[in-house]
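This is start_5.txt. It holds compact mmCIF, C-alpha atoms and all ligand atoms.
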# COMPACT_ATOMS: atom_id res chain seq x y z
CA MET A 572 -27.07 -80.04 132.57
CA PRO A 573 -30.09 -81.69 130.86
CA THR A 574 -32.96 -82.89 133.04
CA ALA A 575 -34.62 -86.29 132.59
CA LEU A 576 -37.88 -87.16 134.29
CA ILE A 577 -38.42 -90.90 134.81
CA THR A 578 -41.72 -92.45 135.84
CA GLY A 579 -41.40 -95.90 137.41
CA ILE A 580 -38.20 -94.85 139.20
CA THR A 581 -38.67 -97.51 141.91
CA GLY A 582 -38.88 -100.32 139.31
CA GLN A 583 -36.16 -102.46 137.75
CA ASP A 584 -35.59 -100.30 134.66
CA GLY A 585 -35.93 -97.02 136.56
CA SER A 586 -32.91 -97.94 138.67
CA TYR A 587 -30.66 -98.91 135.73
CA LEU A 588 -31.75 -95.92 133.64
CA SER A 589 -31.02 -93.55 136.54
CA GLU A 590 -27.50 -94.95 136.87
CA LEU A 591 -26.92 -94.52 133.14
CA LEU A 592 -28.26 -90.95 132.97
CA LEU A 593 -26.29 -89.86 136.05
CA LYS A 594 -23.11 -91.15 134.37
CA LYS A 595 -24.04 -89.11 131.30
CA GLY A 596 -24.34 -85.94 133.39
CA TYR A 597 -28.14 -85.60 133.61
CA ARG A 598 -30.12 -84.24 136.50
CA VAL A 599 -32.48 -87.15 137.23
CA VAL A 600 -35.97 -86.56 138.60
CA GLY A 601 -37.75 -89.79 139.45
CA VAL A 602 -41.51 -89.99 139.89
CA ALA A 603 -42.80 -92.35 142.59
CA ARG A 604 -46.36 -92.85 143.78
CA ARG A 605 -47.08 -92.48 147.45
CA SER A 606 -46.84 -95.70 149.47
CA SER A 607 -47.19 -96.40 153.16
CA THR A 608 -43.88 -98.25 153.30
CA ILE A 609 -40.52 -97.34 151.80
CA ASN A 610 -40.06 -99.01 148.41
CA THR A 611 -36.84 -97.40 147.21
CA GLU A 612 -34.78 -100.59 147.65
CA ARG A 613 -33.57 -100.61 144.02
CA ILE A 614 -32.46 -96.95 144.08
CA LYS A 615 -31.24 -96.63 147.65
CA HIS A 616 -27.63 -96.25 146.42
CA LEU A 617 -28.72 -93.31 144.22
CA LEU A 618 -30.87 -91.33 146.63
CA ASP A 619 -28.20 -88.66 147.24
CA ASP A 620 -27.86 -88.06 143.49
CA ILE A 621 -31.42 -88.06 142.18
CA SER A 622 -34.62 -86.28 143.22
CA VAL A 623 -37.53 -88.57 143.98
CA VAL A 624 -40.82 -86.68 143.68
CA GLN A 625 -44.43 -87.74 144.15
CA GLY A 626 -46.72 -88.29 141.19
CA ASP A 627 -49.05 -90.88 139.77
CA LEU A 628 -49.99 -91.84 136.21
CA GLN A 629 -53.61 -91.95 137.38
CA ASP A 630 -53.50 -88.28 138.36
CA GLN A 631 -53.33 -85.81 135.46
CA GLY A 632 -52.69 -82.79 137.68
CA SER A 633 -49.63 -84.35 139.29
CA LEU A 634 -48.01 -84.90 135.89
CA LEU A 635 -48.72 -81.35 134.72
CA ALA A 636 -47.29 -79.94 137.94
CA LEU A 637 -44.12 -82.03 137.69
CA LEU A 638 -43.36 -80.94 134.13
CA GLU A 639 -44.02 -77.29 135.09
CA GLU A 640 -41.75 -77.50 138.11
CA TYR A 641 -38.79 -79.59 136.86
CA LYS A 642 -38.80 -78.58 133.15
CA PRO A 643 -37.28 -81.80 131.79
CA GLU A 644 -35.90 -82.07 128.26
CA GLU A 645 -36.56 -85.82 128.26
CA VAL A 646 -39.37 -87.89 129.80
CA TYR A 647 -39.04 -91.67 130.12
CA ASN A 648 -42.41 -93.24 130.86
CA LEU A 649 -41.48 -96.52 132.55
CA ALA A 650 -44.34 -96.67 135.05
CA ALA A 651 -46.97 -99.34 134.54
CA GLN A 652 -48.86 -102.17 136.15
CA SER A 653 -46.35 -104.50 134.52
CA PHE A 654 -47.15 -108.02 135.76
CA VAL A 655 -49.17 -109.96 133.18
CA PRO A 656 -51.11 -112.26 135.61
CA THR A 657 -52.23 -109.25 137.68
CA SER A 658 -53.67 -107.74 134.53
CA TRP A 659 -56.37 -110.46 134.49
CA ASN A 660 -57.25 -109.80 138.14
CA GLN A 661 -57.18 -106.01 137.77
CA PRO A 662 -57.88 -105.35 134.09
CA ALA A 663 -59.48 -101.93 134.56
CA LEU A 664 -56.67 -100.67 136.77
CA THR A 665 -54.13 -102.03 134.28
CA GLY A 666 -55.93 -100.12 131.52
CA ASP A 667 -56.06 -96.95 133.55
CA VAL A 668 -52.35 -96.93 134.47
CA THR A 669 -50.64 -98.77 131.61
CA ALA A 670 -52.80 -97.41 128.77
CA LEU A 671 -54.51 -94.14 129.78
CA GLY A 672 -51.52 -93.12 131.91
CA VAL A 673 -49.57 -92.70 128.67
CA THR A 674 -52.18 -90.28 127.34
CA ARG A 675 -52.07 -88.32 130.58
CA MET A 676 -48.31 -87.90 130.27
CA LEU A 677 -48.56 -86.99 126.59
CA GLU A 678 -51.27 -84.43 127.38
CA ALA A 679 -49.03 -82.92 130.07
CA ILE A 680 -46.21 -82.67 127.50
CA ARG A 681 -48.54 -81.12 124.91
CA PHE A 682 -49.74 -78.43 127.35
CA VAL A 683 -46.50 -77.69 129.22
CA ASN A 684 -43.77 -78.08 126.59
CA PRO A 685 -44.32 -79.99 123.31
CA LYS A 686 -40.57 -79.92 122.69
CA ILE A 687 -39.96 -82.50 125.43
CA ARG A 688 -38.62 -85.78 124.03
CA PHE A 689 -40.80 -88.69 125.19
CA TYR A 690 -39.96 -92.38 125.56
CA GLN A 691 -42.78 -94.92 125.95
CA ALA A 692 -41.96 -98.33 127.44
CA SER A 693 -43.79 -100.55 124.97
CA SER A 694 -43.59 -104.33 125.12
CA SER A 695 -43.15 -107.48 123.07
CA GLU A 696 -46.35 -108.66 124.82
CA MET A 697 -48.15 -106.64 122.11
CA PHE A 698 -47.10 -109.38 119.62
CA GLY A 699 -48.81 -112.01 121.80
CA ARG A 700 -50.03 -114.78 119.51
CA VAL A 701 -47.29 -114.01 117.06
CA GLN A 702 -48.22 -113.27 113.47
CA GLU A 703 -44.62 -113.49 112.25
CA VAL A 704 -41.34 -115.06 113.48
CA PRO A 705 -39.13 -113.24 114.40
CA GLN A 706 -41.00 -110.08 115.41
CA LYS A 707 -39.98 -106.68 114.09
CA GLU A 708 -41.42 -103.14 114.03
CA SER A 709 -43.88 -103.93 111.21
CA THR A 710 -45.16 -107.23 112.69
CA PRO A 711 -48.92 -106.98 113.38
CA PHE A 712 -49.92 -107.04 117.05
CA TYR A 713 -52.15 -109.72 118.65
CA PRO A 714 -52.06 -109.13 122.42
CA ARG A 715 -53.10 -112.00 124.70
CA SER A 716 -53.70 -110.28 128.06
CA PRO A 717 -55.22 -107.06 129.40
CA TYR A 718 -51.59 -105.97 129.92
CA GLY A 719 -50.74 -106.57 126.25
CA VAL A 720 -53.90 -104.72 125.17
CA ALA A 721 -53.05 -101.76 127.44
CA LYS A 722 -49.49 -101.59 126.08
CA MET A 723 -50.87 -101.61 122.55
CA TYR A 724 -52.99 -98.59 123.37
CA GLY A 725 -49.92 -96.88 124.88
CA HIS A 726 -47.94 -97.62 121.74
CA TRP A 727 -50.55 -96.27 119.35
CA ILE A 728 -51.29 -93.15 121.36
CA THR A 729 -47.55 -92.44 121.32
CA VAL A 730 -47.48 -92.80 117.53
CA ASN A 731 -50.60 -90.61 117.28
CA TYR A 732 -49.18 -87.75 119.37
CA ARG A 733 -46.07 -87.90 117.18
CA GLU A 734 -48.11 -87.68 114.00
CA SER A 735 -50.86 -85.31 115.22
CA PHE A 736 -48.89 -82.82 117.32
CA ASN A 737 -45.34 -83.31 116.05
CA ILE A 738 -44.17 -84.37 119.51
CA PHE A 739 -40.89 -86.31 119.64
CA ALA A 740 -42.65 -89.41 120.97
CA THR A 741 -40.77 -92.68 120.63
CA SER A 742 -41.97 -96.20 121.35
CA GLY A 743 -39.38 -98.77 122.42
CA ILE A 744 -40.82 -102.26 121.88
CA LEU A 745 -38.66 -104.08 124.39
CA PHE A 746 -38.52 -107.84 124.72
CA ASN A 747 -38.13 -109.35 128.22
CA HIS A 748 -35.16 -107.97 130.10
CA GLU A 749 -34.08 -109.22 133.46
CA SER A 750 -31.50 -108.62 136.19
CA PRO A 751 -30.84 -109.28 139.86
CA ARG A 752 -33.24 -106.34 140.43
CA ARG A 753 -36.14 -108.03 138.62
CA GLY A 754 -39.33 -108.39 140.70
CA LEU A 755 -39.53 -111.75 142.49
CA GLU A 756 -42.82 -112.70 140.80
CA PHE A 757 -41.38 -112.76 137.25
CA VAL A 758 -40.26 -116.22 136.17
CA THR A 759 -36.51 -115.58 135.80
CA ARG A 760 -36.13 -114.07 139.26
CA LYS A 761 -38.50 -116.62 140.75
CA ILE A 762 -36.15 -119.31 139.42
CA SER A 763 -32.87 -117.63 140.50
CA ASP A 764 -34.30 -116.96 143.96
CA GLY A 765 -35.73 -120.51 144.13
CA VAL A 766 -32.38 -122.07 143.17
CA ALA A 767 -30.58 -120.08 145.87
CA ARG A 768 -33.19 -121.04 148.49
CA ILE A 769 -32.99 -124.72 147.58
CA LYS A 770 -29.18 -124.61 147.62
CA PHE A 771 -29.19 -123.18 151.16
CA GLY A 772 -31.86 -125.62 152.37
CA LEU A 773 -34.47 -122.85 152.76
CA ALA A 774 -36.88 -124.48 150.28
CA LYS A 775 -37.55 -128.03 149.07
CA ASP A 776 -38.99 -127.34 145.63
CA LEU A 777 -39.95 -124.66 143.12
CA ARG A 778 -43.49 -124.43 141.75
CA LEU A 779 -43.79 -123.03 138.24
CA GLY A 780 -46.36 -122.88 135.44
CA ASN A 781 -45.71 -123.44 131.73
CA LEU A 782 -42.11 -124.60 131.25
CA ASP A 783 -42.38 -124.65 127.47
CA SER A 784 -43.03 -121.00 126.80
CA GLN A 785 -40.15 -119.27 125.07
CA ARG A 786 -38.84 -115.77 125.60
CA ASP A 787 -36.15 -113.53 124.17
CA TRP A 788 -34.41 -112.62 127.45
CA GLY A 789 -31.77 -109.90 127.73
CA PHE A 790 -30.10 -107.90 130.50
CA ALA A 791 -31.94 -104.76 131.71
CA GLY A 792 -28.64 -102.82 132.02
CA ASP A 793 -28.13 -103.18 128.25
CA TYR A 794 -31.71 -102.22 127.40
CA VAL A 795 -31.75 -98.84 129.19
CA GLU A 796 -28.88 -97.76 126.93
CA ALA A 797 -31.21 -98.38 123.96
CA MET A 798 -33.89 -96.18 125.57
CA TRP A 799 -31.44 -93.28 125.87
CA LEU A 800 -30.14 -93.77 122.31
CA MET A 801 -33.70 -93.61 120.96
CA LEU A 802 -34.15 -90.11 122.39
CA GLN A 803 -30.86 -88.89 120.88
CA GLN A 804 -31.94 -89.58 117.27
CA GLU A 805 -33.01 -86.92 114.81
CA HIS A 806 -36.58 -88.27 114.56
CA ALA A 807 -38.86 -90.20 116.86
CA ASP A 808 -39.73 -93.73 115.73
CA ASN A 809 -40.62 -97.25 116.93
CA TYR A 810 -37.79 -99.66 117.71
CA VAL A 811 -37.72 -103.36 118.57
CA ILE A 812 -35.11 -104.17 121.22
CA GLY A 813 -34.11 -107.76 121.96
CA THR A 814 -31.29 -110.27 121.58
CA GLY A 815 -32.63 -112.18 118.57
CA GLU A 816 -32.42 -115.46 120.56
CA THR A 817 -35.14 -117.37 122.30
CA HIS A 818 -35.03 -119.86 125.20
CA SER A 819 -37.68 -121.80 127.08
CA VAL A 820 -38.47 -121.48 130.78
CA ARG A 821 -37.21 -125.08 131.01
CA GLU A 822 -33.81 -124.07 129.58
CA PHE A 823 -33.62 -121.22 132.08
CA CYS A 824 -34.21 -123.78 134.85
CA GLU A 825 -31.60 -126.17 133.46
CA VAL A 826 -28.88 -123.52 133.38
CA ALA A 827 -29.82 -122.01 136.75
CA PHE A 828 -29.95 -125.32 138.66
CA SER A 829 -26.88 -126.80 137.00
CA HIS A 830 -24.90 -123.69 137.97
CA VAL A 831 -25.18 -124.84 141.61
CA GLY A 832 -24.69 -128.53 140.76
CA LEU A 833 -28.39 -129.52 140.87
CA ASP A 834 -30.78 -131.07 138.35
CA TYR A 835 -33.93 -128.99 137.90
CA LYS A 836 -36.03 -132.16 137.35
CA ASP A 837 -35.52 -133.07 141.02
CA TYR A 838 -36.99 -129.78 142.28
CA VAL A 839 -39.33 -128.10 139.78
CA ILE A 840 -43.02 -128.95 140.16
CA GLN A 841 -45.51 -127.80 137.54
CA ASP A 842 -48.44 -126.18 139.28
CA GLU A 843 -51.66 -125.21 137.52
CA ARG A 844 -51.95 -122.08 139.65
CA PHE A 845 -49.22 -120.50 137.56
CA TYR A 846 -50.77 -121.19 134.16
CA ARG A 847 -52.40 -118.23 132.41
CA PRO A 848 -55.85 -117.94 130.82
CA ALA A 849 -54.03 -117.27 127.53
CA GLU A 850 -50.35 -117.82 126.90
CA VAL A 851 -47.78 -116.09 124.73
CA ASP A 852 -45.89 -119.18 123.58
CA LEU A 853 -42.99 -117.83 121.59
CA LEU A 854 -41.27 -114.47 121.43
CA ILE A 855 -38.13 -113.78 119.44
CA SER A 856 -37.02 -110.39 118.20
CA ASP A 857 -35.51 -109.13 115.01
CA PRO A 858 -33.58 -106.10 116.34
CA SER A 859 -31.98 -105.22 112.95
CA MET A 860 -33.39 -101.70 112.92
CA ALA A 861 -31.93 -100.88 116.36
CA ARG A 862 -28.62 -102.40 115.32
CA ALA A 863 -28.47 -100.32 112.15
CA SER A 864 -29.82 -96.97 113.30
CA LEU A 865 -29.02 -96.88 117.03
CA LYS A 866 -25.80 -98.93 116.71
CA TRP A 867 -27.12 -100.85 119.71
CA GLU A 868 -26.05 -104.38 120.62
CA PRO A 869 -26.79 -106.30 123.81
CA ALA A 870 -23.61 -107.15 125.75
CA VAL A 871 -24.84 -109.87 128.14
CA ALA A 872 -25.68 -113.30 126.67
CA PHE A 873 -28.38 -115.67 127.96
CA LYS A 874 -26.16 -117.99 130.03
CA GLU A 875 -24.27 -115.05 131.57
CA LEU A 876 -27.57 -113.47 132.54
CA VAL A 877 -28.84 -116.63 134.27
CA ILE A 878 -25.58 -117.05 136.17
CA MET A 879 -25.49 -113.36 137.13
CA MET A 880 -29.00 -113.66 138.61
CA VAL A 881 -28.36 -116.92 140.48
CA ASP A 882 -25.05 -115.62 141.89
CA ALA A 883 -26.72 -112.40 143.05
CA ASP A 884 -29.46 -114.34 144.87
CA LEU A 885 -26.94 -116.70 146.47
CA GLU A 886 -24.98 -113.66 147.68
CA ARG A 887 -28.12 -111.90 148.95
CA LEU A 888 -29.31 -114.92 150.91
CA LYS A 889 -25.83 -115.56 152.30
CA LYS A 890 -25.75 -111.98 153.66
CA GLY A 891 -29.35 -112.15 154.85
P1 LIG A 901 -41.47 -102.73 137.26
O1 LIG A 901 -40.22 -103.18 137.94
O2 LIG A 901 -42.73 -103.47 137.52
O3 LIG A 901 -41.70 -101.19 137.63
C1 LIG A 901 -42.92 -100.54 137.37
C2 LIG A 901 -42.87 -99.16 137.97
O4 LIG A 901 -44.10 -98.48 137.73
C3 LIG A 901 -42.68 -99.14 139.51
O5 LIG A 901 -41.79 -98.10 139.83
C4 LIG A 901 -44.08 -98.83 140.01
O6 LIG A 901 -44.10 -98.19 141.28
C5 LIG A 901 -44.53 -97.85 138.94
N1 LIG A 901 -45.97 -97.61 138.92
C6 LIG A 901 -46.96 -98.53 138.90
N2 LIG A 901 -48.17 -97.91 138.89
C7 LIG A 901 -47.93 -96.59 138.90
C8 LIG A 901 -48.74 -95.43 138.89
N3 LIG A 901 -50.07 -95.51 138.89
N4 LIG A 901 -48.15 -94.21 138.88
C9 LIG A 901 -46.82 -94.10 138.92
N5 LIG A 901 -45.97 -95.15 138.95
C10 LIG A 901 -46.52 -96.38 138.92
O7 LIG A 901 -41.26 -102.71 135.67
P2 LIG A 901 -39.89 -102.75 134.81
O8 LIG A 901 -39.54 -104.16 134.58
O9 LIG A 901 -38.92 -101.80 135.38
O10 LIG A 901 -40.43 -102.20 133.41
C11 LIG A 901 -40.45 -100.81 133.13
C12 LIG A 901 -41.47 -100.55 132.05
O11 LIG A 901 -41.16 -101.28 130.88
C13 LIG A 901 -42.91 -100.96 132.40
O12 LIG A 901 -43.77 -100.04 131.77
C14 LIG A 901 -43.06 -102.32 131.77
O13 LIG A 901 -44.42 -102.58 131.51
C15 LIG A 901 -42.26 -102.12 130.50
N6 LIG A 901 -41.63 -103.31 129.93
C16 LIG A 901 -40.88 -104.12 130.72
C17 LIG A 901 -40.22 -105.20 130.14
C18 LIG A 901 -39.34 -106.09 130.98
O14 LIG A 901 -39.03 -107.19 130.50
N7 LIG A 901 -38.90 -105.66 132.16
C19 LIG A 901 -40.33 -105.42 128.76
C20 LIG A 901 -41.10 -104.54 128.00
C21 LIG A 901 -41.73 -103.48 128.58
P3 LIG A 901 -44.21 -99.04 142.66
O15 LIG A 901 -42.79 -99.37 143.03
O16 LIG A 901 -44.86 -98.05 143.57
O17 LIG A 901 -45.03 -100.25 142.38
O1 LIG A 902 -43.38 -114.81 132.34
C1 LIG A 902 -44.00 -118.45 132.13
C2 LIG A 902 -45.17 -117.54 131.83
O2 LIG A 902 -44.04 -113.26 134.18
C3 LIG A 902 -42.58 -115.34 131.32
C4 LIG A 902 -43.06 -108.38 131.91
O3 LIG A 902 -41.89 -107.64 132.22
O4 LIG A 902 -42.06 -109.31 129.95
C5 LIG A 902 -42.68 -109.65 131.17
O5 LIG A 902 -43.86 -110.39 130.94
C6 LIG A 902 -43.10 -116.70 130.89
C7 LIG A 902 -44.61 -116.76 130.64
O6 LIG A 902 -42.91 -112.38 132.07
C8 LIG A 902 -44.13 -119.18 135.67
O7 LIG A 902 -46.35 -118.29 131.55
C9 LIG A 902 -43.92 -120.30 133.82
O8 LIG A 902 -44.86 -117.48 129.46
O9 LIG A 902 -41.58 -113.63 133.68
P1 LIG A 902 -42.96 -113.50 133.17
P2 LIG A 902 -43.88 -111.98 130.85
O10 LIG A 902 -45.27 -112.41 131.10
O11 LIG A 902 -43.22 -112.45 129.60
C10 LIG A 902 -42.85 -108.52 129.04
C11 LIG A 902 -42.00 -108.21 127.83
C12 LIG A 902 -43.44 -107.33 129.70
O12 LIG A 902 -43.64 -106.30 129.06
C13 LIG A 902 -43.99 -107.52 131.07
O13 LIG A 902 -44.13 -106.27 131.73
O14 LIG A 902 -42.86 -117.62 131.95
N1 LIG A 902 -44.01 -118.98 133.49
N2 LIG A 902 -44.01 -120.44 135.15
C14 LIG A 902 -44.13 -118.26 134.62
N3 LIG A 902 -44.23 -116.93 134.82
C15 LIG A 902 -44.31 -116.49 136.09
N4 LIG A 902 -44.37 -115.15 136.33
N5 LIG A 902 -44.34 -117.36 137.17
C16 LIG A 902 -44.26 -118.72 137.01
O15 LIG A 902 -44.27 -119.48 137.98
Please re-express this file's structure in structure tokens.
Amino acid sequence: MPTALITGITGQDGSYLSELLLKKGYRVVGVARRSSTINTERIKHLLDDISVVQGDLQDQGSLLALLEEYKPEEVYNLAAQSFVPTSWNQPALTGDVTALGVTRMLEAIRFVNPKIRFYQASSSEMFGRVQEVPQKESTPFYPRSPYGVAKMYGHWITVNYRESFNIFATSGILFNHESPRRGLEFVTRKISDGVARIKFGLAKDLRLGNLDSQRDWGFAGDYVEAMWLMLQQEHADNYVIGTGETHSVREFCEVAFSHVGLDYKDYVIQDERFYRPAEVDLLISDPSMARASLKWEPAVAFKELVIMMVDADLERLKKG
């Protein structure tokens, strides 16, 4: 039975990737940092089947010890300070976790077992002020936030450990992917939760920032399959993963509100508090390389995704 070690196990992608790897017969070891309250909500249905162990990307020793103890064949580095607005408030912490944390994990691999296959969770935020439309593996980066800058470092250090030490180090450049398990602060979940609250009379309006920014949104459950496929290839590489479609925040609102028979214009208020010091206006992927070499295709389309998220929040609030 192969062993996979996943950092960021308590996050959105950690939960979907664990489900996938368990189905494929892996022993799953998930790394979580210590917290004073339980934050295993997204993986509570998996706790009997996976091992959750303590470790932190800010602590080199903890990563070395985990690789020594659990001897994984594959490491998926999903942990990060992943919320773009927070990266302006805590830029140094974002750099330490999201950028240098990657080096710490790669160093642990280099010292403990350089044969480990490594996946780095890179991001379309690296394209930032886009230099080409659509964006593919060769598109130059122009990050627009401390988060994007940190991810760019993580990407290039991954490429460098591949080229310098012959480590199987792969960088998945994933465009936005969402689900009912998405954090409530990200715009898609903020909208699906807001719609459900308004529908049940628990809120009167929904305050958002820039409605015109456009994203290539897919379903997280589809994207973790791409991560696994990347580590099953003969050689490590960089892969863009996305749907190849883009939609505005406004369109997301339209579909989400109309699903419950409401017009978003009656409820959405634009609020300057949610604007960013620098915006990424337009992201759209060209996932041809993943399609050709990984044989990967996303299964869930935009409208289905919006409806899935709104329905899940309606259900959650109904139960609650
Ligand atoms: P997420 O829900 O925000 O999860 C982030 C995870 O990282 C959480 O488990 C968090 O633990 C953990 N973490 C934070 N700081 C840590 C530290 N110092 N040491 C160890 N763990 C730490 O993110 P996600 O949406 O699942 O995304 C997974 C990865 O893909 C992230 O690296 C993200 O930047 C990247 N990415 C995401 C997208 C997307 O659209 N979702 C697209 C491209 C790339 P706590 O629960 O303790 O906070
Ligand atoms: O913003 C606009 C906002 O915070 C999307 C992370 O997973 O994907 C994510 O980063 C867009 C932006 O995601 C609100 O200005 C409008 O243009 O949902 P988001 P993100 O910044 O694209 C990438 C690929 C990652 O790697 C990241 O880790 O929506 N927007 N109004 C808003 N955004 C938020 N959060 N809240 C608003 O009220």
Can you write out as a tab-separated table which residues of chain A fall within 9 Å of ligand LIG 901 (chain A), alongside each residue's closest atom pair and its distance in Å to one decimal, counting all atoms listed in the file and ordering rows by chain and ascending residue number?
residue	atom	partner	partner_atom	distance
A:Thr578	CA	A:LIG901	N5	5.9
A:Gly579	CA	A:LIG901	O5	3.3
A:Ile580	CA	A:LIG901	O5	4.9
A:Thr581	CA	A:LIG901	O5	3.8
A:Gly582	CA	A:LIG901	O3	3.4
A:Gln583	CA	A:LIG901	O9	3.7
A:Asp584	CA	A:LIG901	O9	3.7
A:Gly585	CA	A:LIG901	O9	5.8
A:Ser586	CA	A:LIG901	O9	7.9
A:Tyr587	CA	A:LIG901	O9	8.8
A:Val602	CA	A:LIG901	C9	6.8
A:Ala603	CA	A:LIG901	N5	5.6
A:Arg604	CA	A:LIG901	C9	5.0
A:Arg605	CA	A:LIG901	O16	7.1
A:Ser606	CA	A:LIG901	O16	6.7
A:Asn610	CA	A:LIG901	O15	6.0
A:Thr611	CA	A:LIG901	O15	7.5
A:Gln625	CA	A:LIG901	C9	8.6
A:Gly626	CA	A:LIG901	C9	6.2
A:Asp627	CA	A:LIG901	N4	3.6
A:Leu628	CA	A:LIG901	N4	4.0
A:Gln629	CA	A:LIG901	N3	5.2
A:Asp630	CA	A:LIG901	N4	8.0
A:Asn648	CA	A:LIG901	O12	7.0
A:Leu649	CA	A:LIG901	C12	4.1
A:Ala650	CA	A:LIG901	O4	3.2
A:Ala651	CA	A:LIG901	O12	4.3
A:Gln652	CA	A:LIG901	C6	4.9
A:Ser653	CA	A:LIG901	O13	4.1
A:Phe654	CA	A:LIG901	O2	6.6
A:Val655	CA	A:LIG901	O13	8.9
A:Leu664	CA	A:LIG901	N3	8.6
A:Thr665	CA	A:LIG901	N2	8.6
A:Asp667	CA	A:LIG901	N3	8.2
A:Val668	CA	A:LIG901	N3	5.2
A:Thr669	CA	A:LIG901	O12	7.0
A:Gly672	CA	A:LIG901	N3	7.5
A:Gln691	CA	A:LIG901	O12	7.8
A:Ala692	CA	A:LIG901	O11	4.6
A:Ser693	CA	A:LIG901	C21	5.1
A:Ser694	CA	A:LIG901	C20	3.8
A:Ser695	CA	A:LIG901	C20	6.1
A:Glu696	CA	A:LIG901	C20	7.4
A:Tyr718	CA	A:LIG901	O13	8.1
A:Lys722	CA	A:LIG901	O13	7.5
A:Gly743	CA	A:LIG901	C21	8.1
A:Ile744	CA	A:LIG901	C20	6.5
A:Leu745	CA	A:LIG901	C20	4.4
A:Phe746	CA	A:LIG901	C19	5.0
A:Asn747	CA	A:LIG901	O14	3.3
A:His748	CA	A:LIG901	O14	4.0
A:Glu749	CA	A:LIG901	O14	6.1
A:Ser750	CA	A:LIG901	N7	8.9
A:Arg752	CA	A:LIG901	O1	8.1
A:Arg753	CA	A:LIG901	O1	6.4
A:Gly754	CA	A:LIG901	O1	6.0
A:Trp788	CA	A:LIG901	O14	7.8
A:Gly789	CA	A:LIG901	O14	8.2
A:Phe790	CA	A:LIG901	O14	9.0
A:Ala791	CA	A:LIG901	N7	7.0
**OP:** Go through A:Lys770, A:Lys874, A:His616, A:Arg681 one by one, measure the shortest atom-to-atom distance of each to Val826 in chain A using all atoms listed in the file, and give the residue with the smallest value.
**Re:** A:Lys874
Subject >> Spatial neighbours of Ala827 in chain A, max dist 7 Å, all atoms listed in the file, sep filter under 4 positions, as a ChimeraX atom specification >> reply: /A:763,766,823,877-878,881
**OP:** Point out the residue among A:Ala774, A:Ile762, A:Ala863, A:Met880 with the least atom-to-atom distance to ligand LIG 902 (chain A), counting all atoms listed in the file.
**Re:**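 Residue with the minimum atom-to-atom distance to ligand LIG 902 (chain A): A:Ile762.
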**OP:** Show which residues sit within 9 Å of range 841-847 of chain A, as a PyMOL selection string. Count only C-alpha atoms, and ignore same-chain residues fewer than 3 positions away.
**Re:** chain A and resi 655-656+659+777-782+850
Subject >> Among the residues A:Tyr641, A:Trp799, A:Tyr810, A:Phe689, the one that comes closest to Lys707 in chain A [using all atoms listed in the file] >> reply: A:Tyr810
